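work.cif, holding mmCIF, C-alpha atoms and all ligand atoms:
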data_data
loop_
_atom_site.label_atom_id
_atom_site.label_comp_id
_atom_site.auth_asym_id
_atom_site.auth_seq_id
_atom_site.Cartn_x
_atom_site.Cartn_y
_atom_site.Cartn_z
CA MET A 1 -34.05 -24.95 0.97
CA SER A 2 -33.36 -22.24 3.56
CA GLN A 3 -30.71 -19.74 2.39
CA THR A 4 -30.19 -17.71 5.52
CA VAL A 5 -27.17 -15.45 5.93
CA SER A 6 -25.81 -17.79 8.57
CA ARG A 7 -26.14 -20.94 6.47
CA VAL A 8 -24.81 -19.33 3.30
CA LEU A 9 -21.78 -18.04 5.21
CA ASP A 10 -21.08 -21.46 6.71
CA GLU A 11 -21.21 -23.14 3.32
CA ALA A 12 -19.10 -20.44 1.67
CA THR A 13 -16.49 -20.73 4.43
CA GLU A 14 -16.28 -24.47 3.89
CA PHE A 15 -15.93 -23.96 0.12
CA LEU A 16 -13.16 -21.36 0.49
CA ALA A 17 -11.36 -23.34 3.19
CA SER A 18 -10.80 -26.09 0.63
CA ARG A 19 -9.33 -23.63 -1.90
CA ARG A 20 -8.00 -20.49 -0.10
CA PRO A 21 -7.40 -21.66 3.45
CA ARG A 22 -5.83 -18.48 4.84
CA SER A 23 -8.94 -16.57 6.00
CA PRO A 24 -12.01 -18.27 4.53
CA ARG A 25 -14.57 -16.98 7.05
CA LEU A 26 -13.39 -13.37 6.83
CA ASP A 27 -13.29 -13.53 3.03
CA ALA A 28 -16.82 -14.95 2.88
CA GLU A 29 -18.12 -12.26 5.25
CA LEU A 30 -16.45 -9.43 3.32
CA LEU A 31 -17.89 -10.69 0.03
CA LEU A 32 -21.40 -11.15 1.42
CA ALA A 33 -21.31 -7.76 3.15
CA TYR A 34 -20.31 -6.21 -0.18
CA VAL A 35 -23.11 -7.98 -2.11
CA THR A 36 -25.83 -7.09 0.39
CA GLY A 37 -24.56 -3.56 1.05
CA GLN A 38 -24.25 -4.25 4.77
CA THR A 39 -21.42 -4.16 7.25
CA ARG A 40 -20.04 -7.42 8.65
CA THR A 41 -21.63 -6.54 12.00
CA GLN A 42 -25.00 -6.13 10.32
CA LEU A 43 -24.59 -9.59 8.81
CA PHE A 44 -24.29 -11.05 12.35
CA THR A 45 -27.45 -9.30 13.50
CA ARG A 46 -29.35 -10.59 10.44
CA ALA A 47 -27.94 -14.10 10.58
CA PHE A 48 -31.34 -15.75 10.21
CA GLU A 49 -32.72 -13.56 7.42
CA GLN A 50 -33.19 -15.08 3.97
CA LEU A 51 -30.99 -13.86 1.11
CA SER A 52 -32.64 -12.82 -2.14
CA ALA A 53 -31.99 -14.91 -5.26
CA ALA A 54 -30.19 -11.96 -6.89
CA HIS A 55 -27.83 -11.50 -3.92
CA LEU A 56 -27.22 -15.21 -3.77
CA ALA A 57 -26.31 -15.40 -7.47
CA GLN A 58 -23.92 -12.41 -7.19
CA PHE A 59 -22.34 -13.91 -4.07
CA GLN A 60 -21.83 -17.30 -5.76
CA ASP A 61 -20.11 -15.56 -8.67
CA LEU A 62 -17.68 -13.69 -6.38
CA LEU A 63 -17.07 -16.81 -4.33
CA GLU A 64 -16.10 -18.67 -7.48
CA LYS A 65 -13.64 -15.92 -8.43
CA ARG A 66 -12.19 -15.88 -4.91
CA GLY A 67 -11.88 -19.66 -5.08
CA GLN A 68 -9.81 -19.25 -8.23
CA GLY A 69 -7.49 -16.82 -6.41
CA ALA A 70 -8.82 -13.32 -7.15
CA PRO A 71 -7.95 -11.07 -4.16
CA VAL A 72 -10.95 -10.04 -2.04
CA ALA A 73 -9.85 -6.39 -2.17
CA TYR A 74 -10.18 -6.30 -5.97
CA LEU A 75 -13.56 -8.08 -5.81
CA ILE A 76 -15.05 -5.62 -3.33
CA GLY A 77 -13.05 -2.58 -4.51
CA TRP A 78 -11.49 -1.49 -1.25
CA LYS A 79 -8.89 -2.33 1.39
CA GLU A 80 -8.33 -1.03 4.89
CA PHE A 81 -4.98 0.64 5.61
CA TYR A 82 -4.05 2.27 8.92
CA GLY A 83 -7.72 2.05 9.96
CA ARG A 84 -9.10 3.78 6.87
CA ARG A 85 -10.70 2.57 3.65
CA PHE A 86 -8.92 2.91 0.33
CA VAL A 87 -10.36 2.31 -3.11
CA VAL A 88 -8.34 -0.29 -4.99
CA THR A 89 -8.50 -1.57 -8.56
CA PRO A 90 -6.22 -4.02 -10.37
CA ASP A 91 -4.17 -0.97 -11.46
CA VAL A 92 -2.75 -0.57 -7.95
CA LEU A 93 -1.01 -2.77 -5.42
CA ILE A 94 -3.30 -3.79 -2.57
CA PRO A 95 -1.97 -1.92 0.49
CA ARG A 96 -0.20 -4.27 2.91
CA PRO A 97 -0.04 -4.21 6.72
CA GLU A 98 3.79 -4.04 6.60
CA THR A 99 3.54 -0.69 4.78
CA GLU A 100 1.90 0.72 7.92
CA MET A 101 5.45 0.57 9.36
CA VAL A 102 6.47 3.24 6.86
CA VAL A 103 3.76 5.43 8.38
CA GLU A 104 4.89 4.60 11.92
CA GLU A 105 8.55 5.34 11.20
CA THR A 106 7.72 8.57 9.35
CA LEU A 107 5.54 9.76 12.24
CA ARG A 108 8.41 9.03 14.66
CA CYS A 109 10.81 11.05 12.47
CA VAL A 110 8.29 13.90 12.12
CA ALA A 111 7.94 14.04 15.92
CA ARG A 112 11.74 14.04 16.31
CA SER A 113 12.16 16.78 13.68
CA GLY A 114 9.99 19.21 15.64
CA LEU A 115 8.66 20.55 12.31
CA ALA A 116 5.07 21.76 12.60
CA ARG A 117 4.43 21.87 8.83
CA PRO A 118 6.73 19.27 7.28
CA ARG A 119 6.91 18.84 3.52
CA ILE A 120 6.38 15.15 2.71
CA PHE A 121 6.79 13.41 -0.64
CA ASP A 122 5.39 9.90 -1.26
CA CYS A 123 7.16 8.43 -4.28
CA CYS A 124 5.50 5.44 -6.04
CA THR A 125 2.17 6.25 -4.42
CA GLY A 126 -0.08 3.63 -6.09
CA SER A 127 -3.45 3.84 -4.32
CA GLY A 128 -2.14 6.87 -2.41
CA CYS A 129 -2.43 5.04 0.92
CA LEU A 130 0.82 6.49 2.31
CA ALA A 131 0.24 10.06 1.11
CA VAL A 132 -3.36 10.13 2.40
CA THR A 133 -2.49 8.55 5.75
CA LEU A 134 0.42 10.90 6.38
CA ALA A 135 -1.67 13.94 5.42
CA LEU A 136 -4.37 12.87 7.87
CA GLU A 137 -1.95 11.96 10.67
CA VAL A 138 0.16 15.13 10.32
CA ALA A 139 -2.55 17.75 10.06
CA GLU A 140 -0.34 20.62 8.90
CA ALA A 141 1.90 18.66 6.55
CA GLN A 142 2.20 19.63 2.92
CA VAL A 143 2.03 16.35 1.01
CA ARG A 144 2.91 15.54 -2.60
CA ALA A 145 2.94 12.15 -4.31
CA SER A 146 3.92 10.60 -7.62
CA ASP A 147 3.63 7.46 -9.69
CA VAL A 148 4.79 6.50 -13.15
CA CYS A 149 1.45 4.81 -13.94
CA PRO A 150 -1.41 7.16 -15.00
CA LYS A 151 -4.07 4.59 -14.08
CA ALA A 152 -2.64 4.22 -10.59
CA LEU A 153 -2.76 8.01 -10.25
CA GLU A 154 -6.48 7.93 -11.13
CA VAL A 155 -7.04 5.59 -8.19
CA ALA A 156 -4.90 7.80 -5.94
CA ALA A 157 -6.99 10.81 -7.03
CA GLU A 158 -10.15 8.92 -6.11
CA ASN A 159 -8.72 8.26 -2.65
CA LEU A 160 -7.84 11.93 -2.23
CA ARG A 161 -11.51 12.73 -2.97
CA LEU A 162 -12.72 9.99 -0.62
CA HIS A 163 -10.65 11.47 2.22
CA ASN A 164 -11.31 15.11 1.31
CA LEU A 165 -7.68 15.85 0.56
CA GLU A 166 -7.80 17.13 -3.04
CA ARG A 167 -6.68 20.56 -1.85
CA ARG A 168 -3.87 19.33 0.36
CA ILE A 169 -2.18 16.68 -1.82
CA LYS A 170 -0.85 17.24 -5.32
CA LEU A 171 -0.13 14.28 -7.59
CA PHE A 172 2.64 14.10 -10.20
CA GLU A 173 3.19 11.60 -12.99
CA GLY A 174 6.66 10.38 -13.90
CA ASP A 175 9.72 8.30 -13.11
CA LEU A 176 10.64 8.53 -9.41
CA LEU A 177 11.62 12.09 -8.45
CA LYS A 178 11.92 13.20 -12.07
CA ALA A 179 8.14 13.53 -11.85
CA LEU A 180 8.68 16.76 -9.92
CA PRO A 181 9.07 20.07 -11.77
CA PRO A 182 12.75 21.13 -11.49
CA GLU A 183 12.02 24.30 -9.54
CA THR A 184 10.09 22.47 -6.78
CA GLN A 185 11.16 23.18 -3.21
CA ARG A 186 12.96 20.47 -1.29
CA TYR A 187 11.22 18.05 1.08
CA ASP A 188 11.69 17.22 4.76
CA PHE A 189 10.57 13.63 4.21
CA ILE A 190 10.70 11.42 1.17
CA VAL A 191 8.87 8.15 1.80
CA SER A 192 8.37 5.23 -0.52
CA ASN A 193 7.23 1.68 -0.91
CA PRO A 194 8.71 1.16 -4.37
CA PRO A 195 8.60 -2.08 -6.38
CA TYR A 196 11.24 -4.27 -4.71
CA VAL A 197 10.57 -7.90 -5.64
CA ALA A 198 13.77 -9.47 -7.01
CA THR A 199 13.54 -11.29 -10.34
CA ASP A 200 16.64 -13.47 -9.73
CA SER A 201 16.93 -13.98 -5.98
CA GLY A 202 15.09 -13.79 -2.67
CA PRO A 203 11.64 -15.16 -1.89
CA ARG A 204 9.09 -15.19 -4.75
CA PRO A 205 5.71 -13.64 -4.01
CA GLU A 206 2.75 -16.00 -4.03
CA GLU A 207 1.54 -16.98 -7.50
CA GLY A 208 -1.73 -15.06 -7.02
CA VAL A 209 0.16 -11.84 -6.28
CA VAL A 210 2.12 -12.01 -9.54
CA HIS A 211 -0.99 -13.06 -11.48
CA TYR A 212 -3.44 -10.48 -10.15
CA GLU A 213 -1.42 -7.45 -8.98
CA PRO A 214 0.29 -5.04 -11.40
CA ASN A 215 3.79 -6.27 -12.17
CA LEU A 216 4.92 -2.65 -12.51
CA ALA A 217 4.20 -2.35 -8.79
CA LEU A 218 6.14 -5.47 -7.87
CA PHE A 219 9.44 -6.00 -9.64
CA GLY A 220 12.57 -3.98 -8.90
CA GLY A 221 15.27 -5.62 -11.02
CA ARG A 222 17.48 -8.67 -10.49
CA ASP A 223 18.02 -8.23 -6.75
CA GLY A 224 14.96 -5.98 -6.37
CA THR A 225 16.95 -2.89 -5.35
CA ASP A 226 17.09 -0.98 -8.67
CA LEU A 227 14.43 1.56 -7.73
CA LEU A 228 15.44 1.66 -4.06
CA LYS A 229 18.98 2.62 -5.05
CA ARG A 230 17.99 5.08 -7.74
CA LEU A 231 15.52 6.77 -5.40
CA SER A 232 18.10 7.01 -2.59
CA GLN A 233 20.49 8.74 -5.01
CA GLU A 234 17.89 11.11 -6.45
CA ALA A 235 16.49 11.96 -3.01
CA ARG A 236 19.79 13.62 -1.98
CA ARG A 237 19.02 16.51 -4.34
CA ARG A 238 15.42 16.76 -3.15
CA LEU A 239 15.77 16.54 0.64
CA ASN A 240 16.31 19.51 2.90
CA PRO A 241 19.41 19.25 5.12
CA GLY A 242 18.29 17.18 8.10
CA GLY A 243 15.50 15.62 6.02
CA TRP A 244 14.60 11.94 6.15
CA LEU A 245 14.35 9.19 3.57
CA VAL A 246 12.01 6.36 4.67
CA LEU A 247 11.93 3.22 2.50
CA GLU A 248 10.12 -0.10 2.65
CA MET A 249 11.97 -3.13 1.30
CA ALA A 250 12.31 -6.89 1.67
CA PRO A 251 14.07 -8.11 4.83
CA PHE A 252 16.91 -9.69 2.80
CA GLN A 253 17.67 -6.32 1.17
CA ILE A 254 17.93 -4.30 4.39
CA GLU A 255 21.59 -4.91 5.23
CA GLY A 256 22.86 -4.10 1.73
CA MET A 257 20.61 -1.08 1.45
CA GLU A 258 21.71 0.26 4.83
CA ALA A 259 25.33 0.11 3.65
CA PHE A 260 24.30 1.76 0.37
CA LEU A 261 22.52 4.62 2.16
CA GLN A 262 25.59 5.19 4.34
CA GLU A 263 27.86 5.24 1.25
CA GLN A 264 25.52 7.84 -0.26
CA GLY A 265 26.04 10.06 2.79
CA TYR A 266 22.86 9.33 4.77
CA GLN A 267 23.36 9.27 8.53
CA HIS A 268 21.54 7.89 11.58
CA THR A 269 20.19 4.96 9.56
CA GLN A 270 17.48 3.12 11.41
CA LEU A 271 15.64 -0.20 10.87
CA THR A 272 12.01 -0.84 11.76
CA GLN A 273 10.56 -4.32 12.05
CA ASP A 274 7.22 -5.42 10.65
CA LEU A 275 4.57 -7.29 12.63
CA SER A 276 6.38 -10.60 12.03
CA GLY A 277 9.53 -9.18 13.63
CA LEU A 278 11.38 -8.88 10.29
CA PRO A 279 13.32 -5.74 9.37
CA ARG A 280 11.16 -4.04 6.75
CA VAL A 281 11.68 -0.27 6.80
CA LEU A 282 14.96 1.61 6.54
CA SER A 283 15.30 5.31 7.21
CA GLY A 284 18.26 7.64 6.93
CA ARG A 285 18.92 11.32 7.56
CA TRP A 286 20.35 13.59 4.89
CA GLU A 287 22.69 15.98 6.73
CA ALA A 288 24.54 17.59 3.84
C1 LIG B 1 4.81 -1.43 -4.41
S1 LIG B 1 3.67 -0.31 -5.20
C2 LIG B 1 3.35 0.75 -3.81
C3 LIG B 1 2.03 1.44 -3.84
C4 LIG B 1 1.66 2.13 -2.52
N1 LIG B 1 2.65 3.14 -2.16
C5 LIG B 1 1.53 1.12 -1.41
O1 LIG B 1 2.40 1.13 -0.52
O2 LIG B 1 0.59 0.34 -1.39
C6 LIG B 1 4.80 0.58 -6.19
C7 LIG B 1 4.23 1.67 -7.11
O3 LIG B 1 5.35 2.23 -7.82
C8 LIG B 1 4.95 2.57 -9.12
N2 LIG B 1 6.17 2.65 -9.95
C9 LIG B 1 6.83 1.65 -10.57
N3 LIG B 1 7.93 2.11 -11.18
C10 LIG B 1 7.97 3.45 -10.93
C11 LIG B 1 8.87 4.49 -11.30
N4 LIG B 1 9.96 4.25 -12.03
N5 LIG B 1 8.62 5.75 -10.88
C12 LIG B 1 7.50 6.00 -10.12
N6 LIG B 1 6.60 5.06 -9.76
C13 LIG B 1 6.84 3.80 -10.14
C14 LIG B 1 3.96 1.50 -9.52
O4 LIG B 1 3.11 1.96 -10.54
C15 LIG B 1 3.25 1.24 -8.17
O5 LIG B 1 2.07 2.00 -8.10
#

Go ahead and render the structure in this file as C-alpha cells.
Amino acid sequence: MSQTVSRVLDEATEFLASRRPRSPRLDAELLLAYVTGQTRTQLFTRAFEQLSAAHLAQFQDLLEKRGQGAPVAYLIGWKEFYGRRFVVTPDVLIPRPETEMVVEETLRCVARSGLARPRIFDCCTGSGCLAVTLALEVAEAQVRASDVCPKALEVAAENLRLHNLERRIKLFEGDLLKALPPETQRYDFIVSNPPYVATDSGPRPEEGVVHYEPNLALFGGRDGTDLLKRLSQEARRRLNPGGWLVLEMAPFQIEGMEAFLQEQGYQHTQLTQDLSGLPRVLSGRWEA
C-alpha cells in the first residue's frame, strides 16, 4: 500500500483528531517533520514521496505517545517562543504563548526607562526562554537568571549555547532571589513566570499538563501566590530605585496581587492582557 507523506499525514490527522482534537494536523506535521529531519514546508513539497519503513515505524511510535497525551514539544525536543526555538525536556515547563506578554511588557518598561544597558534578572527561568529572549531583544542588556532545579538549569544552559549567549547570561541555582550571591549589584528589571497554579482554588490545569510537566514548575501553594508574594517581597532589596518587577500569574490572582504589590510599596502598577484578553502580567515600579 502507498505510504506517501500526504497519505500518512491524512491518516495520522484522523487518528489524532479522535484522541487529541486541539491541533491534530499541526501535531502530525511537527512529528513527521521531526522523524524525517525536514521542515514542515519541505513536507508539503514532498507530499507524494514514499516514506521509508524506518521513518514510518518511528512516526507510528510518536503518534501513539501523542495519542496518549504526551506533549509534542517533549516528543520533538523543542518549542517555539517569541519566534525562536528552545530546547525543552520534561525537566522544564513548555514555554507558553502567554509568557510572551512578559517579554512585551518588559520591553515596554525598558523603552520607558531610557536605560541603554539595563540589568535584567529572570527568576524561575526553566528553559531560559525569558532570559534568552530579553538578551536578544535588548542587545546591551546584562542578563542573569536562576532556578531552584539543577536539571532545568542544564536545559537553560543548552539554550544559552543554542543562541550564543553563554558569555552574556549567567545562571544561578537556588530559591528565588536567594540564589544570588549577597554582594551582587541590584537590577533594573526582575521578571518572572513562577509556579502559580493553586492547589485549592482557581481553574485546574489540564490533566496532561499535571501528568507530563514538572510539578515543581506548576504549583504555587493553596491559592497559587506563595512564590509570587515571596518574590515581590525579596525583589524590593534587589531592585534599583525606579526598577521594575514584571510577573506572570493567573487572571484570578491579578487583583489580589496588584493590591499586594501596592502594599509592598510598588507604584505605577500595570496590567497586561494575554491573547485571550485576560489579565496575565502585572508590573510595578520600585521607587524607594
Ligand atoms: C512556570 S516555570 C517557568 C519557566 C520559564 N520561565 C517559562 O516561562 O517557561 C517555573 C520555574 O520555577 C522553578 N522554581 C520552582 N520553585 C522555585 C523556587 N523556589 N526558586 C526558584 N525557582 C523555582 C521551576 O523549577 C520552574 O523551572

Wanna dump the chain A-ligand LIG 1 (chain B) contacts at 9 Å for me, each residue with its shortest atom pair and the distance in Å to one decimal, counting all atoms listed in the file, ordered by chain and number, as a tab-separated table?
residue	atom	partner	partner_atom	distance
A:Phe81	CA	B:LIG1	O2	9.0
A:Asp91	CA	B:LIG1	O5	7.7
A:Val92	CA	B:LIG1	O5	5.5
A:Leu93	CA	B:LIG1	S1	5.3
A:Ile94	CA	B:LIG1	O2	5.8
A:Pro95	CA	B:LIG1	O2	3.9
A:Arg96	CA	B:LIG1	O2	6.4
A:Glu98	CA	B:LIG1	O1	8.9
A:Thr99	CA	B:LIG1	O1	5.7
A:Glu100	CA	B:LIG1	O1	8.5
A:Val102	CA	B:LIG1	O1	8.7
A:Asp122	CA	B:LIG1	N1	7.3
A:Cys123	CA	B:LIG1	C12	6.3
A:Cys124	CA	B:LIG1	O3	3.7
A:Thr125	CA	B:LIG1	N1	3.9
A:Gly126	CA	B:LIG1	O5	3.4
A:Ser127	CA	B:LIG1	C4	5.7
A:Gly128	CA	B:LIG1	N1	6.1
A:Cys129	CA	B:LIG1	C5	6.0
A:Leu130	CA	B:LIG1	N1	5.9
A:Ala131	CA	B:LIG1	N1	8.0
A:Ser146	CA	B:LIG1	C12	6.3
A:Asp147	CA	B:LIG1	N6	3.8
A:Val148	CA	B:LIG1	C12	4.1
A:Cys149	CA	B:LIG1	O4	4.7
A:Pro150	CA	B:LIG1	O4	8.2
A:Lys151	CA	B:LIG1	O4	8.4
A:Ala152	CA	B:LIG1	O5	5.8
A:Leu153	CA	B:LIG1	O5	8.0
A:Glu173	CA	B:LIG1	C12	7.6
A:Gly174	CA	B:LIG1	C12	5.8
A:Asp175	CA	B:LIG1	N5	3.6
A:Leu176	CA	B:LIG1	N5	3.7
A:Leu177	CA	B:LIG1	N5	7.4
A:Lys178	CA	B:LIG1	N5	8.2
A:Ala179	CA	B:LIG1	C12	7.8
A:Val191	CA	B:LIG1	N1	8.9
A:Ser192	CA	B:LIG1	N1	6.3
A:Asn193	CA	B:LIG1	O1	4.9
A:Pro194	CA	B:LIG1	C6	4.4
A:Pro195	CA	B:LIG1	C1	4.3
A:Tyr196	CA	B:LIG1	C1	7.0
A:Val197	CA	B:LIG1	C1	8.7
A:Pro214	CA	B:LIG1	O4	7.6
A:Asn215	CA	B:LIG1	C14	8.2
A:Leu216	CA	B:LIG1	C9	5.1
A:Ala217	CA	B:LIG1	C15	3.8
A:Leu218	CA	B:LIG1	C1	5.5
A:Phe219	CA	B:LIG1	C9	8.1
A:Gly220	CA	B:LIG1	N3	8.0
A:Leu227	CA	B:LIG1	N4	6.8
A:Leu231	CA	B:LIG1	N5	8.9
A:Glu248	CA	B:LIG1	O1	8.4

* To do: Have a look at CA of Thr106 (chain A) and CA of Thr89 (chain A) and let me know their distance in Å, one decimal.
  =>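 Value for the CA of Thr106 (chain A)-CA of Thr89 (chain A) distance: 26.2 Å.
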
* Sphere at (-14.3, -11.8, 2.5), radius 12 Å, counting only C-alpha atoms: residues as a ChimeraX atom specification -> /A:9,12-13,16-17,20,22-35,39-40,59,62-63,65-67,70-79

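When CA of Arg117 (chain A) is paired with CA of Ala141 (chain A), their separation reads 4.7 Å.
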
* Counting all atoms listed in the file, what is within 9 Å of Glu158 (chain A), bar same-chain residues fewer than 4 positions away, as a list in words? -> Phe86, Val87, Ser127, Leu153, Glu154, Leu162 and His163 of chain A

Could you save those same residues with C-alpha atoms as a PDB file, in the coordinates of the input?
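Saved result, out-v4.pdb, follows:
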ATOM      1  CA  PHE A  86      -8.920   2.910   0.330  1.00  0.00           C
ATOM      2  CA  VAL A  87     -10.360   2.310  -3.110  1.00  0.00           C
ATOM      3  CA  SER A 127      -3.450   3.840  -4.320  1.00  0.00           C
ATOM      4  CA  LEU A 153      -2.760   8.010 -10.250  1.00  0.00           C
ATOM      5  CA  GLU A 154      -6.480   7.930 -11.130  1.00  0.00           C
ATOM      6  CA  LEU A 162     -12.720   9.990  -0.620  1.00  0.00           C
ATOM      7  CA  HIS A 163     -10.650  11.470   2.220  1.00  0.00           C
TER       8      HIS A 163
END

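Between CA of Gln185 (chain A) and CA of Thr272 (chain A) the separation is 28.3 Å.
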
* **Using only C-alpha atoms: which of A:Gln253, A:Gln60, A:Gln233, A:Ser276 has the shortest distance to Pro203 (chain A)** =>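 Checking each of A:Gln253, A:Gln60, A:Gln233, A:Ser276 against Pro203 (chain A), counting only C-alpha atoms, the winner is A:Gln253.
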
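Comparing A:Gln264, A:Thr36, A:Gln270, A:Thr41 by their smallest distance to Leu56 (chain A), the closest is A:Thr36 (using only C-alpha atoms).
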
* **Selected residue, from A:Phe121, A:Phe44, A:Tyr187, A:Tyr212, that lies nearest to Arg238 (chain A) when counting all atoms listed in the file** => A:Tyr187

* Selection: 12 Å around Arg112 (chain A), only C-alpha atoms, excl. self and same-chain fewer than 4 positions, as a list in words ->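 Here the answer would be Glu105, Thr106, Leu107, Arg108, Ala116, Pro118, Asp188, Gly242, Gly243, Trp244 and Arg285 of chain A.
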
Put those residues in a file: C-alpha atoms, as a short mmCIF file (atom, residue, chain, number, x, y, z; two decimals), keeping the file's coordinate frame.
data_model
loop_
_atom_site.label_atom_id
_atom_site.label_comp_id
_atom_site.auth_asym_id
_atom_site.auth_seq_id
_atom_site.Cartn_x
_atom_site.Cartn_y
_atom_site.Cartn_z
CA GLU A 105 8.55 5.34 11.20
CA THR A 106 7.72 8.57 9.35
CA LEU A 107 5.54 9.76 12.24
CA ARG A 108 8.41 9.03 14.66
CA ALA A 116 5.07 21.76 12.60
CA PRO A 118 6.73 19.27 7.28
CA ASP A 188 11.69 17.22 4.76
CA GLY A 242 18.29 17.18 8.10
CA GLY A 243 15.50 15.62 6.02
CA TRP A 244 14.60 11.94 6.15
CA ARG A 285 18.92 11.32 7.56
#

* Determine the nearest neighbour of Gly224 (chain A) from the options A:Ile254, A:Leu245, A:Ala156, A:Leu43, counting only C-alpha atoms. =>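 Of A:Ile254, A:Leu245, A:Ala156, A:Leu43, the one nearest Gly224 (chain A), counting only C-alpha atoms, is A:Ile254.
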
* Mind checking which residues fall within 12 Å of Leu136 (chain A), counting all atoms listed in the file, ignoring those fewer than 3 positions away in the same chain, and posting them as a ChimeraX atom specification? => /A:82-84,103,107,129-133,139-143,160,163-165,168-169

* From A:Leu180, A:Ala157, A:Leu271, A:Val8, residue lying nearest Ala57 (chain A) [all atoms listed in the file] -> A:Val8

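Among the candidates A:Ser52, A:Asn159, A:Gln38, A:Thr45, the residue lying nearest to Val88 (chain A) is A:Asn159 (atoms considered: only C-alpha atoms).
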
Got a moment to write region 79-97 of chain A out with N, CA and C atoms, as a CSV table (one decimal), in the first residue's frame?
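Writing the result to out.csv gives the following:
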chain,number,residue,atom,x,y,z
A,79,LYS,N,10.4,23.8,21.4
A,79,LYS,CA,9.2,24.6,21.3
A,79,LYS,C,9.6,26.0,20.8
A,80,GLU,N,8.7,26.6,20.0
A,80,GLU,CA,9.0,28.0,19.6
A,80,GLU,C,8.5,29.0,20.7
A,81,PHE,N,9.3,30.0,20.9
A,81,PHE,CA,8.9,31.1,21.9
A,81,PHE,C,9.4,32.4,21.3
A,82,TYR,N,8.5,33.3,21.1
A,82,TYR,CA,8.8,34.7,20.6
A,82,TYR,C,9.6,34.5,19.3
A,83,GLY,N,9.2,33.5,18.5
A,83,GLY,CA,9.8,33.4,17.1
A,83,GLY,C,11.1,32.6,17.1
A,84,ARG,N,11.5,32.1,18.3
A,84,ARG,CA,12.8,31.4,18.3
A,84,ARG,C,12.6,30.0,18.9
A,85,ARG,N,13.5,29.1,18.5
A,85,ARG,CA,13.4,27.7,19.0
A,85,ARG,C,14.1,27.5,20.4
A,86,PHE,N,13.5,26.8,21.3
A,86,PHE,CA,14.1,26.5,22.6
A,86,PHE,C,14.0,25.0,22.8
A,87,VAL,N,15.2,24.5,23.2
A,87,VAL,CA,15.2,23.1,23.6
A,87,VAL,C,14.3,22.9,24.9
A,88,VAL,N,13.5,21.8,24.8
A,88,VAL,CA,12.8,21.5,26.1
A,88,VAL,C,12.9,20.0,26.4
A,89,THR,N,12.9,19.7,27.6
A,89,THR,CA,12.9,18.3,28.1
A,89,THR,C,11.8,18.3,29.2
A,90,PRO,N,11.4,17.1,29.6
A,90,PRO,CA,10.4,17.0,30.7
A,90,PRO,C,10.9,17.6,32.0
A,91,ASP,N,12.1,18.1,32.1
A,91,ASP,CA,12.6,18.8,33.3
A,91,ASP,C,12.1,20.3,33.3
A,92,VAL,N,11.6,20.8,32.2
A,92,VAL,CA,11.2,22.2,32.2
A,92,VAL,C,9.8,22.3,31.7
A,93,LEU,N,9.2,23.4,32.1
A,93,LEU,CA,7.8,23.8,31.6
A,93,LEU,C,8.0,24.1,30.1
A,94,ILE,N,7.0,23.7,29.3
A,94,ILE,CA,7.0,24.1,27.9
A,94,ILE,C,6.6,25.5,27.8
A,95,PRO,N,7.4,26.4,27.2
A,95,PRO,CA,7.1,27.8,27.1
A,95,PRO,C,5.7,28.0,26.5
A,96,ARG,N,4.9,29.0,27.1
A,96,ARG,CA,3.6,29.2,26.7
A,96,ARG,C,3.5,30.6,25.9
A,97,PRO,N,2.5,30.7,25.0
A,97,PRO,CA,2.4,32.0,24.3
A,97,PRO,C,2.1,33.1,25.3
